[in-house]
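First the structure, in the form of structure tokens, and then the observations on it.
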Amino acid sequence: MAGLGLFSARLAPSQTLTTLHSFSGDLDGANPYAGLVLSGNTLYGTASNGRGLGEGTVFKLNTDGTGFTVLHRFTGGTDGSNIYAGLILSGNTLYGAAEGGGGSGSGKIFAVNTDGTGYKTLYDFSINGSPFLNTDGANPYAGLILSGNTLYGTAYNGGSSGYGTVFSITTNGTAFATLYTFAG
């Protein structure tokens, strides 16, 4: 005689989605493409742009949704624009990449303290000719990684062939190096 086994299906507990912040598109930024960085109960992130009043933001907020604060609002000028990449946190300093803006409009690597003070340019990408031919790269879309006191990243355009680069720079903004130039 064969036995018949009956198994009851358990329902998975329902999940609740909580919106921590809705971007207005103006002073707080718009289009947060990148992931967030968590430190304690504080989330740090970037918004890529904003309507009329800015070209992206670095922000923080608490994990319960309170305390939203813009740490830096990009103007689209020499401080950078179009912040598609996420941030790296080391101590009380956030490091990031701006796809546009900077001294030549080709993007930049920046640092800002977690309290919003001390924004500084670590590196401005250059353009020497067209289309985007240079030695260092241009338009860093992706995030950075950190090893010791060296940041590593990629630039979408630029390099000797115009197809992008892999670069490194120290966290104090010295010793920029092009590690590889893509040939296309």
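We name chains A, B, ... following the order of the structure tokens; residues begin at 1 in each chain, and ligands are numbered from 1 as shown.
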Tell me, as a PDB file with N, CA and C atoms, in the first residue's frame, which residues lie within 6 Å of stretch 30-46 of chain A, counting only C-alpha atoms; anything in the same chain fewer than 6 positions away does not count.
ATOM      1  N   PHE A  23      12.662  62.312  -4.503  1.00  0.00           N
ATOM      2  CA  PHE A  23      13.415  63.440  -5.043  1.00  0.00           C
ATOM      3  C   PHE A  23      12.492  64.380  -5.796  1.00  0.00           C
ATOM      4  N   THR A  57      23.737  65.867  -6.975  1.00  0.00           N
ATOM      5  CA  THR A  57      23.983  66.076  -5.554  1.00  0.00           C
ATOM      6  C   THR A  57      24.680  64.877  -4.936  1.00  0.00           C
ATOM      7  N   VAL A  58      25.363  65.132  -3.842  1.00  0.00           N
ATOM      8  CA  VAL A  58      25.789  64.104  -2.897  1.00  0.00           C
ATOM      9  C   VAL A  58      24.902  64.334  -1.675  1.00  0.00           C
ATOM     10  N   PHE A  59      24.275  63.279  -1.167  1.00  0.00           N
ATOM     11  CA  PHE A  59      23.326  63.443  -0.072  1.00  0.00           C
ATOM     12  C   PHE A  59      23.528  62.376   0.987  1.00  0.00           C
ATOM     13  N   LYS A  60      22.885  62.613   2.135  1.00  0.00           N
ATOM     14  CA  LYS A  60      22.828  61.599   3.188  1.00  0.00           C
ATOM     15  C   LYS A  60      21.432  61.604   3.781  1.00  0.00           C
ATOM     16  N   LEU A  61      21.033  60.483   4.337  1.00  0.00           N
ATOM     17  CA  LEU A  61      19.803  60.388   5.107  1.00  0.00           C
ATOM     18  C   LEU A  61      19.899  59.193   6.031  1.00  0.00           C
ATOM     19  N   ASN A  62      19.106  59.223   7.075  1.00  0.00           N
ATOM     20  CA  ASN A  62      19.094  58.122   8.030  1.00  0.00           C
ATOM     21  C   ASN A  62      18.304  56.954   7.461  1.00  0.00           C
ATOM     22  N   THR A  63      18.585  55.769   7.957  1.00  0.00           N
ATOM     23  CA  THR A  63      17.917  54.569   7.456  1.00  0.00           C
ATOM     24  C   THR A  63      16.422  54.562   7.759  1.00  0.00           C
ATOM     25  N   TYR A  84      26.662  59.894 -12.030  1.00  0.00           N
ATOM     26  CA  TYR A  84      26.041  58.584 -12.246  1.00  0.00           C
ATOM     27  C   TYR A  84      26.604  57.518 -11.315  1.00  0.00           C
ATOM     28  N   ALA A  85      27.811  57.705 -10.841  1.00  0.00           N
ATOM     29  CA  ALA A  85      28.495  56.697 -10.036  1.00  0.00           C
ATOM     30  C   ALA A  85      28.167  56.849  -8.556  1.00  0.00           C
ATOM     31  N   GLY A  86      28.324  55.763  -7.837  1.00  0.00           N
ATOM     32  CA  GLY A  86      28.158  55.779  -6.396  1.00  0.00           C
ATOM     33  C   GLY A  86      29.400  56.327  -5.717  1.00  0.00           C
TER      34      GLY A  86
END
Polymer residues at most 12 Å from stretch 141-147 of chain A, only C-alpha atoms, same-chain spacing of 6 or more positions, as a PyMOL selection string: chain A and resi 33-37+45-46+48+81-90+94-100+106-111+153-157+164-171
Write out as a count of residues only all residues of stretch 106-152 of chain A that DSSP puts in strand (DSSP E or B) for this structure's backbone. 19
Non-local contacts of A:Tyr163 (9 Å; only C-alpha atoms; under 3 positions in same chain excluded) as a PyMOL selection string: chain A and resi 132-133+137+155-160+181-184
Have a look at atom CA of A:Thr114 and atom CA of A:Asn92 and let me know their distance in Å, one decimal.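 These two atoms are separated by 5.4 Å.
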Ranking A:Gly148, A:Gly80, A:Gly67, A:Gly91 by minimum distance to A:His21 and counting only C-alpha atoms, which one comes first? A:Gly67
In terms of the shortest atom-to-atom distance over only C-alpha atoms, which of A:Asn139, A:Thr75, A:Asn149, A:Ser14 is closest to A:Asn49?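 Looking at the shortest contact to A:Asn49, the residue is A:Thr75.
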May I ask for the distance between atom CA of A:Val112 and atom CA of A:Ala175, given in Å to one decimal place?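 Distance reported for this atom pair: 19.1 Å.
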Contact residues around A:Thr18 with only C-alpha atoms at 10 Å, ignoring same-chain residues under 3 positions, as a PyMOL selection string: chain A and resi 15+21+64-65
Would you save the residues of that selection, restricted to C-alpha atoms, as a tab-separated table (two decimals), in the first residue's frame?
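Everything below was put into out.tsv:
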chain	number	residue	atom	x	y	z
A	15	GLN	CA	7.29	42.51	2.57
A	21	HIS	CA	12.88	60.03	0.24
A	64	ASP	CA	14.51	55.52	8.92
A	65	GLY	CA	14.11	58.24	6.25
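What separates atom CA of A:Gly103 from atom CA of A:Asp136 is a distance of 13.7 Å.
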Nearest to A:Gly102 by atom-to-atom distance, counting only C-alpha atoms, from A:Pro140, A:Thr135, A:Thr69, A:Pro13: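 The answer is A:Pro140, which sits nearest to A:Gly102.
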